[in-house]
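The block underneath contains the structure these notes are about, expressed in structure tokens.
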Amino acid sequence: MNGCRSPPVKPAVGQKEWEGLMSESPPVVDEEAPVRTDARSADPFVREITVSDVNEAWAQGLRDFQTAPIFGLVFGGFYALAGIAIVASVSALGLSYLTYPLAAGFALIGPFAAVGLYEVSRCLEAGLAPSWSRVLGVVVEQRNRQLAWLAFVVLFIFVVWMYIIQLLLALFIGFHGFATLKDLLSILTTTPEGVAFLVLGNAIGAFLSLILFALTVVSIPLVLDHEIDFVTAMITSVRAVVMNPAPMLGWGFTVGVLLALASLPLFLGLVFVLPILGHATWHLYRKVVDPVPE
């Protein structure tokens with residue numbers, strides 16, 4: 001199932017080389033042009049972007065949501081329900097102290113929940129009407145593609161995060177000083193140990209989030225859009241952040257704030273925030289990465 005996959009994108013090479021690749025005759029090579037012989041010469045080309053490009057991606061994401069709102073509302077609704085289910089489960093099991101780290105880590109799966117939204121934006125970009133059969137078909141297809149390996153990377157970082165939180169709780173607070181989430185919040189905000197836990201825990205969480213952001217900000221839409229291995233996709237994502245630190249980090253900070261605010265009223269704000277973020281992420285990917293032709 002190819003979904004709304006667009007035709008190969010022209011790579012960042014000279015016009016003569018492109019014409020040679022697309023014809024039966026050997027490509028014409030400019031003798032004065034430098035020739036790359038390294039093994040990674042076929043990597044996707046990363047463009048430099050500006051803050052105005054990021055703002056335009058936000059506007060395009062909002063436009064896509066308004067054009068096909070039903071898809072965004074359904075995916076956003078399922079994402080919000082999953083968050084509610086997680087919080088309800090840990091509360092029922094008497095593990096209220098895990099509510100905050102689980103809620104924070106829950107945002108890590110947001111890009112995967114938005115895979116269907118990337119496909120909707122791809123269809124709209126190609127001038128095609130998105131349909132549930134096409135969108136869901138592409139989502140199901142990902143289980144046999146490189147996206148599954150990216151999911152494993154995210155899951156690994158999430159597990160590391162949960163183990164670190166439990167270790168910090170044991171070191172600073174212990175597990176016997178509170179019985180409910182209210183008791184935990186009281187300890188965290190009124191005791192030196194609780195404040196130290198919050199400061200160190202949030203610092204470590206921010207560091208892990210930065211690593212994960214750099215690895216996945218464009219790699220997920222890239223492997224959805226093109227046949228490319230997940231390692232190359234993650235390297236491309238890191239290159240995009242390193243080449244465009246201010247716009248990309250500004251993007252990541254804005255996304256984090258929006259997800260946090262949308263999660264406060266029982267995750268209900270995610271019904272509207274997730275689809276806009278998903279569509280906007282697709283357009284940011286298109287602006288910053290020029291994939292290799294397939």
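Simple scheme: letters A, B, ... for chains in structure tokens order, numbers from 1 for residues in each chain, numbers from 1 for ligands in the order shown.
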Just the residues within 7 Å of region 244-256 of chain A, please, counting only C-alpha atoms, with nothing from its chain fewer than 4 positions along; format it as a PyMOL selection string.
chain A and resi 48-51+54+240+260
Would you save the residues of that selection, restricted to C-alpha atoms, as a PDB file, in the first residue's frame?
```
ATOM      1  CA  GLU A  48      18.707  25.426   6.439  1.00  0.00           C
ATOM      2  CA  ILE A  49      15.420  26.920   7.618  1.00  0.00           C
ATOM      3  CA  THR A  50      14.371  30.038   9.485  1.00  0.00           C
ATOM      4  CA  VAL A  51      11.802  30.890  12.122  1.00  0.00           C
ATOM      5  CA  VAL A  54       8.526  27.162  11.282  1.00  0.00           C
ATOM      6  CA  ALA A 240      18.507  18.809  10.926  1.00  0.00           C
ATOM      7  CA  ALA A 260       1.818  19.985  28.621  1.00  0.00           C
TER       8      ALA A 260
END
```
With a distance cut-off of 9 Å and only C-alpha atoms, select the neighbouring residues of Ile157 (chain A), excluding the residue or stretch itself and same-chain residues fewer than 3 positions from it, and output the selection as a list in words.
Phe152, Val153, Val154, Val160, Trp161, Met162, Leu208, Ser209 and Leu212 of chain A
Hey, can you spit out that residue selection with N, CA and C atoms as an mmCIF file, in the first residue's frame?
```cif
data_model
loop_
_atom_site.group_PDB
_atom_site.id
_atom_site.type_symbol
_atom_site.label_atom_id
_atom_site.label_comp_id
_atom_site.auth_asym_id
_atom_site.auth_seq_id
_atom_site.Cartn_x
_atom_site.Cartn_y
_atom_site.Cartn_z
ATOM 1 N N PHE A 152 10.778 1.160 18.821
ATOM 2 C CA PHE A 152 11.593 0.450 19.820
ATOM 3 C C PHE A 152 12.554 1.411 20.505
ATOM 4 N N VAL A 153 13.164 2.330 19.756
ATOM 5 C CA VAL A 153 14.084 3.310 20.333
ATOM 6 C C VAL A 153 13.348 4.185 21.340
ATOM 7 N N VAL A 154 12.164 4.652 20.960
ATOM 8 C CA VAL A 154 11.372 5.496 21.859
ATOM 9 C C VAL A 154 10.976 4.722 23.112
ATOM 10 N N VAL A 160 13.894 3.627 30.293
ATOM 11 C CA VAL A 160 15.005 4.218 31.045
ATOM 12 C C VAL A 160 14.495 5.352 31.939
ATOM 13 N N TRP A 161 13.625 6.185 31.381
ATOM 14 C CA TRP A 161 13.041 7.295 32.132
ATOM 15 C C TRP A 161 12.279 6.805 33.360
ATOM 16 N N MET A 162 11.470 5.773 33.225
ATOM 17 C CA MET A 162 10.690 5.247 34.342
ATOM 18 C C MET A 162 11.592 4.649 35.414
ATOM 19 N N LEU A 208 16.688 13.780 28.468
ATOM 20 C CA LEU A 208 16.225 12.641 27.670
ATOM 21 C C LEU A 208 15.281 13.097 26.565
ATOM 22 N N SER A 209 14.439 14.089 26.869
ATOM 23 C CA SER A 209 13.515 14.598 25.862
ATOM 24 C C SER A 209 14.259 15.261 24.712
ATOM 25 N N LEU A 212 15.695 12.510 22.531
ATOM 26 C CA LEU A 212 14.646 11.873 21.750
ATOM 27 C C LEU A 212 14.120 12.805 20.672
#
```
Residue contacts of Ala80 (chain A) (8 Å, only C-alpha atoms) excluding same-chain residues fewer than 6 positions away, as a CSV table (one decimal) with N, CA and C atoms, in the first residue's frame:
```
chain,number,residue,atom,x,y,z
A,266,LEU,N,-7.3,16.7,32.0
A,266,LEU,CA,-7.6,15.3,31.7
A,266,LEU,C,-7.2,14.9,30.3
A,267,PHE,N,-6.2,15.5,29.7
A,267,PHE,CA,-5.7,15.2,28.4
A,267,PHE,C,-6.7,15.6,27.3
A,268,LEU,N,-7.8,16.3,27.6
A,268,LEU,CA,-8.8,16.6,26.7
A,268,LEU,C,-8.4,17.6,25.6
A,269,GLY,N,-7.4,18.5,26.0
A,269,GLY,CA,-6.9,19.4,25.0
A,269,GLY,C,-6.2,18.8,23.9
A,270,LEU,N,-5.7,17.5,24.1
A,270,LEU,CA,-5.0,16.8,23.0
A,270,LEU,C,-5.9,16.5,21.8
A,271,VAL,N,-7.2,16.5,22.0
A,271,VAL,CA,-8.1,16.2,20.9
A,271,VAL,C,-7.9,17.2,19.8
```
So which residues touch region 273-281 of chain A within 6 Å, counting only C-alpha atoms, skipping near sequence neighbours fewer than 5 positions away, as number ranges by chain?
A: 57-58, 61-62, 72, 76, 114, 117-118, 121
Restricting it to C-alpha atoms, dump the selection as a PDB file, in the first residue's frame.
```pdb
ATOM      1  CA  ALA A  57       4.564  25.041   9.032  1.00  0.00           C
ATOM      2  CA  TRP A  58       2.246  25.902  11.916  1.00  0.00           C
ATOM      3  CA  GLY A  61      -0.794  22.397   9.908  1.00  0.00           C
ATOM      4  CA  LEU A  62      -3.800  24.410  11.039  1.00  0.00           C
ATOM      5  CA  GLY A  72      -7.567  14.914  13.438  1.00  0.00           C
ATOM      6  CA  GLY A  76      -6.597  13.152  18.848  1.00  0.00           C
ATOM      7  CA  ALA A 114       0.301  11.306  14.548  1.00  0.00           C
ATOM      8  CA  LEU A 117      -2.106  12.603  10.341  1.00  0.00           C
ATOM      9  CA  TYR A 118       1.158  12.659   8.374  1.00  0.00           C
ATOM     10  CA  SER A 121      -1.215  15.851   5.063  1.00  0.00           C
TER      11      SER A 121
END
```
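Closest approach to Glu193 (chain A) from the set A:Ala214, A:Leu171, A:Leu147, A:Val159 is made by A:Leu171, with distances taken over only C-alpha atoms.
Residue nearest Val135 (chain A) within the list A:Leu155, A:Ala113, A:Cys4, A:Val90: A:Cys4 [criterion: smallest interatomic distance, only C-alpha atoms].
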